[in-house]
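Worksheet: the structure to be examined is printed underneath.
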Amino acid sequence: MVLLLLGLLLTGGLYTAFSPAQAQEQESEAELAAQGRELFLVGCSFCHGQNGEGISDAREGYQVGPSLVGVGAAAVDFQVGTGRMPLAQPAAQAPKKKVVYNEEEIAALAAYVASLAPGPAIPDAEDYSIEGLSAGEREEAIVRGGQIFLTNCTACHNFNGSGGAMPRGGYAPTLRDVPPRYIFEAMLTGPQNMPNFSNGNLSPEEKRDVIAYLGSLNETPEYGGFGLGGLGPVSEGLAGWIVGIGGLVGFAVWIAAHTTRSTKEKAEA
Ligand code: HEC
Ligand code: HEC
């Protein structure tokens, strides 16, 4: 009898100890999503639809706003956190602007969009931080990241991450001083013309290495003065040619115009 009572007490106790926490967590998640829905209806729904289903115009292929079903919390955190969304007006590319929402509102919007369908979640700080690594491991991460960057990103972002032009008025932005979280999310969600690099494609560790590499670029000074955006030896050589040789030719002409002979000729005439 005592044993039975004890057993009941124990299971009861354990249940109350664990289940409310879980229920509470689910509840707060749902609450956050509900808050996000309110914000969404006011600020986003006229382009993305009442339920994030997207709106397309009668004009063929023109989208007022794409469907957000399944884009995940990471896409919202990136788009709204970098100020790309809410979009002010249709353009070839959503530009970075002043961020309109605060941290909590972005979290709520992200929770709402994540509740529509499963999608990539906002990464944890430990996924992209290199704080825990030793100096040697950091060095290795930077080298590996450089290799990954070279094969996957340089085509659009340039070999030192300074960006470049894209077809139809688009551009790949510079990656200097982009916060690690947004680099991770950009790879995860592939904004606009950028392909996405899912975690199956490029593991979180490889993404962290790329972030370590880009971080090392921020810290490297530009040797040799003005780098012309790191466009490479061709443009730098061309600039050197035009400015340098052009200057010399100009100087030679100036000297020729001020020799004794030319002044003598002028005096005779
Ligand atoms: C004026 C119309 C407009 C408004 C307002 C707007 N968006 Fe967008 N949104 C777009 C367009 C167009 C795109 C697709 C092209 C792009 O990314 O620039 C887009 C793309 C996105 C994406 C990326 C989808 C993907 O496939 O990765 C997210 C996430 C997003 N919007 C969220 C939001 C949120 C959240 C709000 C409200 C705070 C919002 N948008 C407000 C027009 C809009
Ligand atoms: C096919 C071209 C292409 C490739 C390849 C590409 N990107 Fe991008 N990337 C873009 C474009 C275009 C944008 C701008 C999207 C926008 O503004 O919505 C972008 C945006 C970004 C941003 C956001 C920067 C900001 O200002 O907020 C980051 C970070 C980024 N890319 C990192 C990478 C990394 C890392 C790789 C390689 C793993 C990569 N990209 C590969 C085209 C590309």
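To be explicit about the labels: the chains of the structure tokens are called A, B, and onward in the order shown, and within each one the residues are counted from 1, while ligands get numbers from 1 in the order they are shown.
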Show which residues sit within 6 Å of stretch 181-192 of chain A, as an mmCIF file with N, CA, C and O atoms, in the first residue's frame. Count only C-alpha atoms, and ignore same-chain residues fewer than 3 positions away.
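Resulting contents of result_32.cif:
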data_model
loop_
_atom_site.group_PDB
_atom_site.id
_atom_site.type_symbol
_atom_site.label_atom_id
_atom_site.label_comp_id
_atom_site.auth_asym_id
_atom_site.auth_seq_id
_atom_site.Cartn_x
_atom_site.Cartn_y
_atom_site.Cartn_z
ATOM 1 N N ALA A 74 14.522 31.948 -40.442
ATOM 2 C CA ALA A 74 15.826 32.506 -40.823
ATOM 3 C C ALA A 74 15.669 33.554 -41.922
ATOM 4 O O ALA A 74 16.324 34.592 -41.898
ATOM 5 N N ALA A 75 14.774 33.286 -42.895
ATOM 6 C CA ALA A 75 14.580 34.226 -44.001
ATOM 7 C C ALA A 75 14.014 35.549 -43.478
ATOM 8 O O ALA A 75 14.440 36.624 -43.893
ATOM 9 N N PHE A 78 16.643 37.472 -41.542
ATOM 10 C CA PHE A 78 17.601 38.098 -42.463
ATOM 11 C C PHE A 78 16.978 39.303 -43.165
ATOM 12 O O PHE A 78 17.530 40.405 -43.146
ATOM 13 N N PRO A 195 21.998 31.587 -54.763
ATOM 14 C CA PRO A 195 21.519 30.221 -54.506
ATOM 15 C C PRO A 195 21.526 29.947 -53.011
ATOM 16 O O PRO A 195 22.256 30.606 -52.280
ATOM 17 N N ASN A 196 20.681 29.012 -52.542
ATOM 18 C CA ASN A 196 20.806 28.715 -51.113
ATOM 19 C C ASN A 196 21.688 27.494 -50.879
ATOM 20 O O ASN A 196 21.769 26.595 -51.691
ATOM 21 N N PHE A 197 22.413 27.583 -49.790
ATOM 22 C CA PHE A 197 23.334 26.528 -49.401
ATOM 23 C C PHE A 197 22.762 25.904 -48.131
ATOM 24 O O PHE A 197 23.065 26.352 -47.031
ATOM 25 N N SER A 198 21.892 24.890 -48.314
ATOM 26 C CA SER A 198 21.258 24.265 -47.154
ATOM 27 C C SER A 198 22.326 23.574 -46.313
ATOM 28 O O SER A 198 23.453 23.364 -46.768
#
Please return as a ChimeraX atom specification the residues found within 9 Å of ligand 1, counting only C-alpha atoms and all ligand atoms. /A:36,39-48,52,54,62-80,84-95,100-101,106,109-110,113,189-193
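In terms of minimum interatomic distance to A:Leu214, A:Ile142 ranks closest within A:Ala125, A:Leu10, A:Leu32, A:Ile142, counting only C-alpha atoms.
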Apply DSSP to the backbone of this structure and, from stretch 76-214 of chain A, keep only the residues in strand (DSSP E or B); write these as a PyMOL selection string. chain A and resi 164-165+171-172
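Distances from A:Thr260, A:Asn102, A:Thr82, A:Asn201 to ligand 2 were compared using only C-alpha atoms and all ligand atoms, and the smallest one belongs to A:Thr82.
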Pick from A:Pro173, A:Thr220, A:Ala252, A:Glu236 nearest to ligand 2, counting only C-alpha atoms and all ligand atoms: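 The answer is A:Pro173, which sits nearest to ligand 2.
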Could you jot down the atom CA of A:Gly136 to atom CA of A:Asn218 separation for me, Å, one decimal place? 19.0 Å
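Proximity to A:Ala155 at 10 Å, evaluated using only C-alpha atoms and with sequence-adjacent residues fewer than 6 positions away removed, yields Phe149, Gly163, Gly164 and Ala172 of chain A.
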